[in-house]
Each structure stands twice: as structure tokens, then as C-alpha cells.
$ cat protein.cif   # mmCIF, C-alpha atoms and all ligand atoms
data_coords
#
loop_
_atom_site.label_atom_id
_atom_site.label_comp_id
_atom_site.auth_asym_id
_atom_site.auth_seq_id
_atom_site.Cartn_x
_atom_site.Cartn_y
_atom_site.Cartn_z
CA MET A 528 -14.05 -49.24 133.72
CA LEU A 529 -12.54 -46.79 131.28
CA TRP A 530 -12.71 -43.21 132.43
CA PRO A 531 -12.01 -41.14 129.36
CA HIS A 532 -12.08 -37.74 131.07
CA ALA A 533 -9.17 -37.88 133.43
CA ARG A 534 -9.90 -34.46 134.88
CA ILE A 535 -13.34 -35.51 136.10
CA ARG A 536 -13.20 -36.80 139.65
CA ARG A 537 -15.07 -39.98 140.42
CA PRO A 538 -16.73 -40.35 143.82
CA ARG A 539 -14.41 -41.95 146.37
CA ASN A 540 -17.24 -42.99 148.67
CA VAL A 541 -17.48 -46.75 148.14
CA GLU A 542 -21.23 -46.81 148.74
CA ILE A 543 -21.76 -44.26 145.95
CA GLN A 544 -19.45 -46.21 143.62
CA GLU A 545 -21.41 -49.42 144.21
CA ARG A 546 -24.77 -47.75 143.75
CA VAL A 547 -23.66 -46.01 140.54
CA ALA A 548 -22.28 -49.32 139.21
CA ALA A 549 -25.60 -51.03 139.95
CA VAL A 550 -27.59 -48.31 138.19
CA ARG A 551 -25.18 -48.46 135.24
CA ARG A 552 -25.71 -52.22 134.99
CA ASP A 553 -29.49 -52.27 135.47
CA HIS A 554 -30.37 -49.10 133.56
CA PRO A 555 -28.03 -48.86 130.56
CA GLU A 556 -30.47 -46.45 128.91
CA SER A 557 -29.63 -43.83 131.53
CA GLU A 558 -25.88 -43.78 130.87
CA ALA A 559 -25.62 -40.21 129.50
CA TRP A 560 -27.45 -38.82 132.51
CA LEU A 561 -25.68 -41.11 134.96
CA SER A 562 -22.19 -40.05 133.89
CA LEU A 563 -23.11 -36.40 134.54
CA LEU A 564 -24.55 -37.24 137.95
CA GLU A 565 -21.48 -39.34 138.80
CA ALA A 566 -19.24 -36.40 137.92
CA ALA A 567 -21.35 -34.05 140.06
CA LEU A 568 -21.22 -36.43 143.03
CA GLY A 569 -17.45 -36.73 142.63
CA GLU A 570 -17.11 -32.95 142.51
CA SER A 571 -19.33 -32.64 145.61
CA GLU A 572 -16.77 -34.59 147.59
CA THR A 573 -13.93 -32.19 146.79
CA GLY A 574 -15.13 -29.85 149.45
CA VAL A 575 -13.18 -26.62 149.79
CA THR A 576 -14.27 -24.76 146.65
CA TRP A 577 -17.93 -25.26 147.41
CA SER A 578 -18.03 -25.16 151.18
CA ALA A 579 -16.13 -21.84 151.05
CA ALA A 580 -18.90 -20.45 148.83
CA VAL A 581 -21.76 -21.08 151.29
CA PRO A 582 -23.29 -17.61 151.73
CA THR A 583 -24.62 -15.80 154.75
CA PRO A 584 -28.43 -15.83 154.33
CA ALA A 585 -29.99 -12.51 153.35
CA SER A 586 -31.22 -10.94 156.59
CA GLU A 587 -34.45 -9.42 155.34
CA ARG A 588 -36.11 -12.21 153.47
CA PRO A 589 -39.84 -12.93 153.62
CA ILE A 590 -40.93 -15.61 156.06
CA LYS A 591 -41.78 -18.07 153.31
CA ALA A 592 -38.53 -17.49 151.40
CA PRO A 593 -35.95 -20.30 151.29
CA VAL A 594 -32.64 -19.71 153.05
CA LEU A 595 -30.77 -19.05 149.78
CA SER A 596 -33.31 -16.48 148.63
CA HIS A 597 -31.59 -13.25 147.48
CA SER A 598 -28.26 -14.46 148.79
CA GLU A 599 -24.96 -13.42 147.27
CA ILE A 600 -22.83 -16.49 146.68
CA THR A 601 -19.14 -15.71 146.31
CA VAL A 602 -17.28 -18.41 144.42
CA ASP A 603 -13.70 -19.05 143.43
CA ALA A 604 -14.45 -18.20 139.80
CA ARG A 605 -11.51 -20.09 138.34
CA ALA A 606 -12.38 -23.30 140.15
CA ALA A 607 -16.09 -22.91 139.41
CA ARG A 608 -15.53 -22.24 135.69
CA SER A 609 -13.12 -25.14 135.49
CA TRP A 610 -15.70 -27.48 137.02
CA VAL A 611 -18.47 -26.36 134.65
CA ARG A 612 -16.15 -26.71 131.66
CA ARG A 613 -15.14 -30.25 132.68
CA LEU A 614 -18.79 -31.19 133.11
CA LEU A 615 -19.84 -29.71 129.76
CA LYS A 616 -17.07 -31.64 128.03
CA LEU A 617 -18.84 -34.87 128.97
CA THR A 618 -21.54 -34.01 126.45
CA PRO A 619 -20.01 -34.14 122.96
CA ALA A 620 -22.63 -31.85 121.39
CA VAL A 621 -21.68 -28.96 123.69
CA ASN A 622 -18.75 -26.62 123.06
CA PRO A 623 -17.77 -25.44 126.58
CA ARG A 624 -16.01 -22.38 125.15
CA ARG A 625 -19.35 -21.00 123.99
CA ILE A 626 -21.04 -21.20 127.41
CA ASP A 627 -20.28 -18.78 130.25
CA GLY A 628 -19.79 -21.19 133.14
CA LEU A 629 -20.65 -18.75 135.92
CA ALA A 630 -23.76 -17.48 134.14
CA LEU A 631 -24.92 -21.08 133.72
CA LEU A 632 -24.21 -21.82 137.37
CA GLU A 633 -26.18 -18.78 138.53
CA ALA A 634 -29.15 -19.49 136.25
CA ALA A 635 -29.21 -23.13 137.39
CA VAL A 636 -28.99 -22.27 141.10
CA CYS A 637 -31.91 -19.87 140.56
CA HIS A 638 -33.71 -22.56 138.57
CA ASP A 639 -34.17 -19.93 135.86
CA ASP A 640 -34.88 -22.00 132.75
CA ALA A 641 -35.50 -18.92 130.59
CA ARG A 642 -31.94 -17.73 131.24
CA ILE A 643 -30.54 -21.20 130.61
CA ASP A 644 -32.44 -21.34 127.31
CA ALA A 645 -30.96 -17.97 126.32
CA LEU A 646 -27.46 -19.29 127.11
CA ALA A 647 -28.25 -22.39 125.06
CA LEU A 648 -29.27 -20.25 122.12
CA GLU A 649 -26.03 -18.23 122.31
CA GLY A 650 -23.94 -21.36 122.68
CA GLY A 651 -25.69 -23.38 119.99
CA VAL A 652 -26.81 -26.06 122.46
CA GLU A 653 -30.12 -27.85 122.71
CA PRO A 654 -31.94 -26.05 125.60
CA GLN A 655 -33.18 -29.19 127.37
CA ALA A 656 -29.64 -30.59 127.40
CA LEU A 657 -28.26 -27.39 128.91
CA ARG A 658 -30.99 -27.38 131.58
CA VAL A 659 -29.87 -30.83 132.72
CA LEU A 660 -26.20 -29.83 132.53
CA GLY A 661 -26.95 -26.67 134.51
CA GLN A 662 -28.64 -28.60 137.30
CA MET A 663 -25.75 -31.05 137.46
CA ALA A 664 -23.29 -28.12 137.49
CA ALA A 665 -25.14 -26.55 140.44
CA LEU A 666 -25.37 -29.77 142.47
CA PRO A 667 -22.00 -29.53 144.33
CA LEU A 668 -22.66 -25.89 145.29
CA LEU A 669 -26.26 -26.51 146.36
CA GLN A 670 -25.36 -29.59 148.39
CA ALA A 671 -22.58 -27.63 150.12
CA CYS A 672 -25.11 -24.88 150.88
CA ALA A 673 -27.56 -27.40 152.36
CA ARG A 674 -24.82 -28.79 154.62
CA GLY A 675 -23.51 -25.37 155.58
CA LEU A 676 -26.90 -23.76 156.17
CA ALA A 677 -28.65 -26.63 157.97
CA THR A 678 -28.59 -24.71 161.25
CA GLU A 679 -30.27 -21.70 159.58
CA LEU A 680 -33.44 -23.61 158.67
CA PRO A 681 -36.63 -22.59 160.44
CA ALA A 682 -37.79 -25.08 163.07
CA THR A 683 -40.97 -25.73 161.11
CA TRP A 684 -41.43 -25.44 157.37
CA TRP A 685 -44.91 -25.92 156.01
CA GLU A 686 -44.25 -25.15 152.36
CA GLY A 687 -44.14 -27.76 149.62
CA TYR A 688 -40.86 -26.35 148.23
CA CYS A 689 -37.35 -26.80 149.57
CA PRO A 690 -36.49 -24.54 152.52
CA VAL A 691 -32.95 -24.12 151.21
CA CYS A 692 -33.17 -23.78 147.41
CA GLY A 693 -36.87 -23.43 146.56
CA ALA A 694 -37.16 -26.53 144.35
CA TRP A 695 -40.10 -28.91 144.45
CA PRO A 696 -39.31 -32.23 146.13
CA VAL A 697 -38.47 -35.19 143.89
CA VAL A 698 -39.63 -37.75 146.41
CA ALA A 699 -41.73 -38.11 149.56
CA GLU A 700 -40.11 -40.54 151.99
CA TYR A 701 -41.97 -42.51 154.64
CA THR A 702 -39.36 -43.54 157.16
CA GLY A 703 -39.21 -45.56 160.34
CA LEU A 704 -41.95 -47.42 162.11
CA GLU A 705 -44.21 -44.40 162.29
CA ARG A 706 -43.88 -43.78 158.52
CA LYS A 707 -43.18 -40.12 159.01
CA ARG A 708 -43.58 -38.22 155.74
CA GLN A 709 -40.53 -36.28 154.70
CA LEU A 710 -40.07 -34.45 151.40
CA ARG A 711 -36.61 -34.50 149.80
CA CYS A 712 -35.03 -32.01 147.46
CA GLY A 713 -33.15 -33.57 144.54
CA ARG A 714 -30.87 -30.54 144.14
CA CYS A 715 -29.52 -29.78 147.60
CA GLY A 716 -30.64 -32.97 149.37
CA THR A 717 -32.55 -31.20 152.15
CA GLY A 718 -35.42 -33.07 153.80
CA TRP A 719 -38.42 -31.49 155.52
CA ALA A 720 -41.47 -32.91 157.24
CA ILE A 721 -44.95 -32.08 156.00
CA PRO A 722 -48.41 -33.35 157.08
CA LEU A 723 -49.50 -36.58 155.49
CA LEU A 724 -52.56 -35.42 153.65
CA ARG A 725 -51.64 -32.31 151.81
CA CYS A 726 -50.70 -31.63 148.20
CA VAL A 727 -47.11 -30.45 147.93
CA PHE A 728 -47.87 -28.11 145.06
CA CYS A 729 -51.25 -26.49 145.79
CA ASP A 730 -51.80 -27.20 149.53
CA GLU A 731 -55.00 -29.14 148.83
CA THR A 732 -56.04 -31.03 151.98
CA ALA A 733 -59.46 -32.46 151.05
CA HIS A 734 -59.29 -36.28 151.08
CA ASP A 735 -61.45 -36.64 148.01
CA ASN A 736 -58.99 -34.67 145.91
CA LEU A 737 -55.87 -36.56 146.91
CA GLY A 738 -54.96 -40.09 145.90
CA TYR A 739 -52.33 -42.65 145.06
CA LEU A 740 -51.23 -44.65 142.06
CA THR A 741 -49.46 -47.88 142.94
CA PRO A 742 -47.38 -50.16 140.70
CA GLU A 743 -49.45 -53.10 139.48
CA ALA A 744 -47.10 -55.83 140.63
CA GLY A 745 -44.22 -56.40 142.98
CA GLU A 746 -42.90 -53.13 144.35
CA GLN A 747 -44.69 -52.56 147.66
CA THR A 748 -42.54 -49.68 148.80
CA ARG A 749 -43.36 -47.34 145.91
CA LYS A 750 -46.36 -45.23 145.06
CA ILE A 751 -47.20 -42.03 143.27
CA GLU A 752 -49.07 -39.36 145.21
CA VAL A 753 -51.44 -37.43 143.00
CA CYS A 754 -53.62 -34.37 143.42
CA HIS A 755 -56.84 -34.13 141.42
CA THR A 756 -57.04 -30.38 142.02
CA CYS A 757 -53.74 -29.29 140.43
CA LYS A 758 -52.93 -32.57 138.63
CA GLY A 759 -49.50 -32.61 140.25
CA TYR A 760 -47.70 -35.76 141.37
CA VAL A 761 -44.74 -36.71 143.51
CA LYS A 762 -43.18 -40.14 143.87
CA GLY A 763 -43.37 -41.77 147.29
CA VAL A 764 -41.08 -44.38 148.84
CA THR A 765 -41.18 -46.27 152.12
CA THR A 766 -37.69 -46.69 153.58
CA VAL A 767 -36.09 -47.85 156.79
CA ARG A 768 -33.87 -44.79 156.91
CA ALA A 769 -33.76 -41.54 154.97
CA LEU A 770 -31.85 -41.53 151.69
CA ALA A 771 -28.42 -39.90 151.73
CA ALA A 772 -28.37 -36.60 149.82
CA TRP A 773 -26.30 -38.18 147.04
CA ALA A 774 -28.77 -41.07 146.67
CA ILE A 775 -31.87 -38.99 145.92
CA LEU A 776 -31.23 -38.38 142.24
CA LEU A 777 -29.95 -41.92 141.71
CA ASP A 778 -33.23 -43.14 143.17
CA ASP A 779 -35.12 -40.69 140.97
CA LEU A 780 -33.28 -42.01 137.93
CA THR A 781 -34.15 -45.64 138.62
CA THR A 782 -37.85 -44.94 139.14
CA VAL A 783 -38.54 -43.21 135.81
CA PRO A 784 -41.25 -45.81 134.98
CA LEU A 785 -43.31 -44.30 137.80
CA ASP A 786 -42.98 -40.85 136.18
CA VAL A 787 -44.07 -42.34 132.89
CA ALA A 788 -47.10 -43.95 134.55
CA ALA A 789 -48.09 -40.62 136.14
CA LEU A 790 -47.63 -38.66 132.89
CA GLU A 791 -49.67 -41.21 130.95
CA ARG A 792 -52.53 -40.64 133.37
CA GLY A 793 -52.43 -36.88 132.90
CA TYR A 794 -50.44 -35.88 135.98
CA ARG A 795 -47.37 -33.69 135.75
CA ARG A 796 -44.82 -31.78 137.75
CA PRO A 797 -44.95 -27.98 137.70
CA GLU A 798 -42.55 -26.33 135.25
CA ARG A 799 -41.69 -23.49 137.57
CA PRO A 800 -39.83 -24.07 140.83
CA GLY A 801 -41.73 -23.66 144.08
CA TYR A 802 -39.96 -20.43 144.92
CA LEU A 803 -37.67 -18.30 142.75
CA ILE A 804 -34.68 -17.64 144.98
CA GLU A 805 -32.99 -15.01 142.78
CA SER A 806 -29.55 -15.58 144.23
CA ARG A 807 -26.48 -14.00 142.67
CA ILE A 808 -23.14 -15.60 142.04
CA VAL A 809 -20.23 -13.23 142.34
CA GLU A 810 -16.54 -13.78 141.78
CA GLN A 811 -14.17 -13.83 144.67
CA PRO A 812 -11.66 -11.07 143.92
CA PRO A 813 -8.35 -12.56 142.78
CA MET A 814 -5.63 -12.48 145.42
CA ARG A 815 -2.70 -10.38 144.39
CA GLY A 816 0.58 -9.15 145.74
CA TRP A 817 0.87 -8.92 149.49
CA ARG A 818 -2.59 -10.32 150.19
CA LYS A 819 -1.70 -13.44 148.26
CA LEU A 820 1.59 -13.80 150.13
CA VAL A 821 -0.22 -13.32 153.41
CA GLU A 822 -2.91 -15.89 152.61
CA VAL A 823 -0.90 -18.61 150.96
CA GLY A 824 2.60 -18.11 152.27
CA GLY A 825 2.21 -19.93 155.56
CA GLY A 826 4.92 -19.08 158.06
CA TRP A 827 7.52 -17.32 156.00
CA TRP A 828 5.37 -14.33 155.04
CA ARG A 829 5.55 -13.13 158.61
CA LEU A 830 9.29 -12.81 158.30
CA LEU A 831 8.81 -10.73 155.18
CA ARG A 832 6.20 -8.52 156.81
CA ARG A 833 8.32 -8.03 159.89
CA GLY A 834 11.12 -7.12 157.57
CA LEU A 835 8.99 -4.30 156.16
CA HIS A 836 8.26 -2.82 159.57
CA HIS A 837 11.74 -3.34 160.92
CA PRO A 838 14.04 -2.99 157.94
CA PRO A 839 17.17 -5.05 158.23
CA ALA A 840 20.40 -3.19 158.89
CA PRO A 841 21.62 -1.45 155.71
CA PRO A 842 24.34 -3.17 153.76
CA PRO A 843 27.76 -2.25 154.97
CA SER A 844 29.07 0.98 153.50
CA SER A 845 32.40 1.20 151.83
CA THR A 846 33.72 2.83 155.03
CA ASP A 847 32.51 -0.12 157.05
CA LEU A 848 34.10 -2.48 154.60
CA ARG A 849 37.33 -0.69 154.88
CA ARG A 850 37.04 -0.83 158.62
CA GLY A 851 36.40 -4.53 158.36
CA GLU A 852 39.49 -4.92 156.34
CA ALA A 853 41.53 -2.96 158.79
ZN ZN B 901 -33.14 -27.81 147.82
ZN ZN B 902 -52.43 -30.08 144.18
#
$ encode --input "protein.cif" --output "C-alpha cells"
Amino acid sequence: MLWPHARIRRPRNVEIQERVAAVRRDHPESEAWLSLLEAALGESETGVTWSAAVPTPASERPIKAPVLSHSEITVDARAARSWVRRLLKLTPAVNPRRIDGLALLEAAVCHDDARIDALALEGGVEPQALRVLGQMAALPLLQACARGLATELPATWWEGYCPVCGAWPVVAEYTGLERKRQLRCGRCGTGWAIPLLRCVFCDETAHDNLGYLTPEAGEQTRKIEVCHTCKGYVKGVTTVRALAAWAILLDDLTTVPLDVAALERGYRRPERPGYLIESRIVEQPPMRGWRKLVEVGGGWWRLLRRGLHHPPAPPPSSTDLRRGEA
């Protein structure tokens, strides 16, 4: 396949490559979206930039606040801006020079659509397009945070929103023989268990107010869980094993007909995220001078530093030279 943007990394994981190829073949209508997701999955694999940015959780956060709530995420600004610029270039209608990459990243991590819309207005971009681009831009960072902060998650999490990033789940998985219900976040990939009969969005538990829509033919593993109280819906899937984090949005993309069916029947997904995390993205200070030598110079910097503390013998004086000649 032609890959016109040489600076975009494609995923190296063979399983991802095969799955992306299958989606590309079976759902040609999703190409624009798929190429962004493919780029984000490729960038997720590059590791260092994003795993180094995983923050320490804010110590005094409310009990129901996700782990990233009010965190300060320090990123390598050059690498982060470069990534956002490469991603934006995939969409011809967007001029990457007119969008502040770090501001977009921060607004997307915080799921702050109003801020993304303001950036879109400044940059002359269609707001919906920039919302999608923002979420794809934030994916590598959020997935790194989910991996890096997995041990910080509370032992039990009863909320409908993601315990890491505050988003609503994109799918409810029923895995294994016991069909345990697990919600999955499409942004950071986190999964969390929640009781079977409870609305994700409004905590409704009364049987009469909760129901299912099922596809008319074929697909036995899919359903749409609906709540008559808040009119919310979430897609459900029965699987042998939990989806990999990278597979969640690919799965979401291939089940759009279920979303259409839910919307046609008057159900919808909330516009606002489950919890506004209000994280900040700050730039890692650039390394200069000695600090840079110390951090990147490997072994030889030590020789230089030792040289500073123990100056080498002064160059021979003219007297010495003369002596040498004698
Ligand atoms: Zn999440
Ligand atoms: Zn509800």
C-alpha cells in the first residue's frame, strides 16, 4: 500500500496491521478516520516520548475523580508538537501551522470540546474535524498514561466513567464463561468492572427502565444497552477475551450501524465526558549547556566534569619548554 506521509509511523504489531487492513477492506467508507487511527496506533508504539510524560497523580483529588484529574503532564514539547503536526497533515483541509499543537493536545486530553472549537475557529478548521483530530492526537499519551498508572487505580470503581481519563465507555464487554461485564474506555483503553444491571450514565438500576436492542439478524454477540430514564446507550459485545487497548476504537468503527440504530430510536451518548479531569500539559524545560552534556553525553561527560574539578596540569611555560630543550 502507498504510504504518502513518510513521517507517519505505521504500527509494527502484525496483529494491528492485519486488523487495520481488514477494516480498510470491509469498511472503505471509514478510510479518513481509519488513517488517523492507524497513525495514532503507530505513534503509540514509539514509547519513550509518551511513557516519559506519564504524570504522578495529584495527591488531593476527590474520591470519585479519575487518576489523571488535575494532574500536570510534562511532555517533550518538540516531540509532542511534531506528532500533532504530522497527524494534522493527514487531513488536507487543516493547516497545521494555524493550530497550537500543545493547546490541542491539552484540550483533547481534558475532553474540552469548547476549547477545541475555539482553536478550530482560530485555525479556520471545521470544529467537528478538529475534535476527532484532537482525540486521535491524545491517544498515544492517554494510552501511555493508562499503562503507566494501572497500579494507581482504586481496587473498586463504581462509576460509569473511566477511572483514568474520565471518558464514558465506548463498549461494554462480556468476557469469559461467566460473562463478566467490563466497561472499556476508547481513549486510554482502560477496562473496569461494573454491576450488570446499572445504567453507565445515570446509575439507574430499576429493571423496567433498562433494556437491550439486538441486531435483527445474524450477529449474536452484539447488542445495544439502553436506558429509558436518561435515553443513553452503550454498545455491548460478548467476547472470549478482552479486547486489546488498540482494538477498542477499531471495533467501535466497525459497529457504527449499531450507533445508527440506537440514534434512530432516540437514544444518544452524552455530549459531556463523565468527569472533567482538568489536567494541564506543560513543556519539559529544554536541556541546555552542562545539563544536556550530562544527560546525553554518556560516558565521556564524566571526564569533562572531572576535568572541571581537577583541572589538568597547566600547559608548559616557556621556562619549562626551555628546560625541556636543555
Ligand atoms: Zn480512559
Ligand atoms: Zn441512564
$ residues_near_ligand --input "protein.cif" --ligand "ligand ZN 902 (chain B)" --cutoff "10 Å" --atoms "all atoms listed in the file" --output "list in words"
Arg725, Cys726, Val727, Phe728, Cys729, Asp730, Glu731, Thr732, Asn736, Leu737, Glu752, Val753, Cys754, His755, Thr756, Cys757, Lys758, Gly759 and Tyr760 of chain A
$ atom_distance --input "protein.cif" --atom1 "atom CA of Thr583 of chain A" --atom2 "atom CA of Leu669 of chain A"
13.7 Å
$ atom_distance --input "protein.cif" --atom1 "atom CA of Ala592 of chain A" --atom2 "atom CA of Cys637 of chain A"
12.9 Å
$ axis_aligned_box --input "protein.cif" --around "segment 541-556 of chain A" --padding-each-side "6 Å" --output "JSON"
{"center_x": -24.0, "center_y": -48.3, "center_z": 138.8, "size_x": 25.0, "size_y": 20.0, "size_z": 31.8}
$ residues_around --input "protein.cif" --residues "Glu572 of chain A" --least-positions-apart "4" --cutoff "8 Å" --atoms "only C-alpha atoms" --output "PyMOL selection string"
chain A and resi 538-539+568+667
$ residues_near_ligand --input "protein.cif" --ligand "ligand ZN 901 (chain B)" --cutoff "7 Å" --atoms "only C-alpha atoms and all ligand atoms" --output "VMD selection string"
chain A and resid 689 to 694 712 to 717
$ write_last_selection --input "protein.cif" --atoms "C-alpha atoms" --output "compact mmCIF listing (two decimals), in the coordinates of the input"
# COMPACT_ATOMS: atom_id res chain seq x y z
CA CYS A 689 -37.35 -26.80 149.57
CA PRO A 690 -36.49 -24.54 152.52
CA VAL A 691 -32.95 -24.12 151.21
CA CYS A 692 -33.17 -23.78 147.41
CA GLY A 693 -36.87 -23.43 146.56
CA ALA A 694 -37.16 -26.53 144.35
CA CYS A 712 -35.03 -32.01 147.46
CA GLY A 713 -33.15 -33.57 144.54
CA ARG A 714 -30.87 -30.54 144.14
CA CYS A 715 -29.52 -29.78 147.60
CA GLY A 716 -30.64 -32.97 149.37
CA THR A 717 -32.55 -31.20 152.15
$ residues_around --input "protein.cif" --residues "Val550 of chain A" --least-positions-apart "6" --cutoff "12 Å" --atoms "all atoms listed in the file" --output "ChimeraX atom specification"
/A:543-544,556-558,560-562,564-565,774,776-782
$ residues_near_point --input "protein.cif" --point "(-27.9, -12.2, 148.5)" --cutoff "12 Å" --atoms "all atoms listed in the file" --output "PyMOL selection string"
chain A and resi 581-588+593-601+637+804-809
$ atom_distance --input "protein.cif" --atom1 "atom CA of Glu542 of chain A" --atom2 "atom CA of Val767 of chain A"
16.9 Å
$ residues_around --input "protein.cif" --residues "Val611 of chain A" --least-positions-apart "5" --cutoff "12 Å" --atoms "all atoms listed in the file" --output "PyMOL selection string"
chain A and resi 534-535+563+566-567+570+604-606+616-618+621-633+635+657+660-668
$ residues_around --input "protein.cif" --residues "Gln709 of chain A" --least-positions-apart "6" --cutoff "8 Å" --atoms "only C-alpha atoms" --output "PyMOL selection string"
chain A and resi 699-702+718-721
$ closest_residue --input "protein.cif" --among "A:Ala788, A:Ile590, A:Ala645, A:Ala772" --to "Glu686 of chain A" --atoms "only C-alpha atoms"
A:Ile590
$ closest_residue --input "protein.cif" --among "A:Gln670, A:Arg536, A:Ala620, A:Arg795" --to "Gly651 of chain A" --atoms "only C-alpha atoms"
A:Ala620
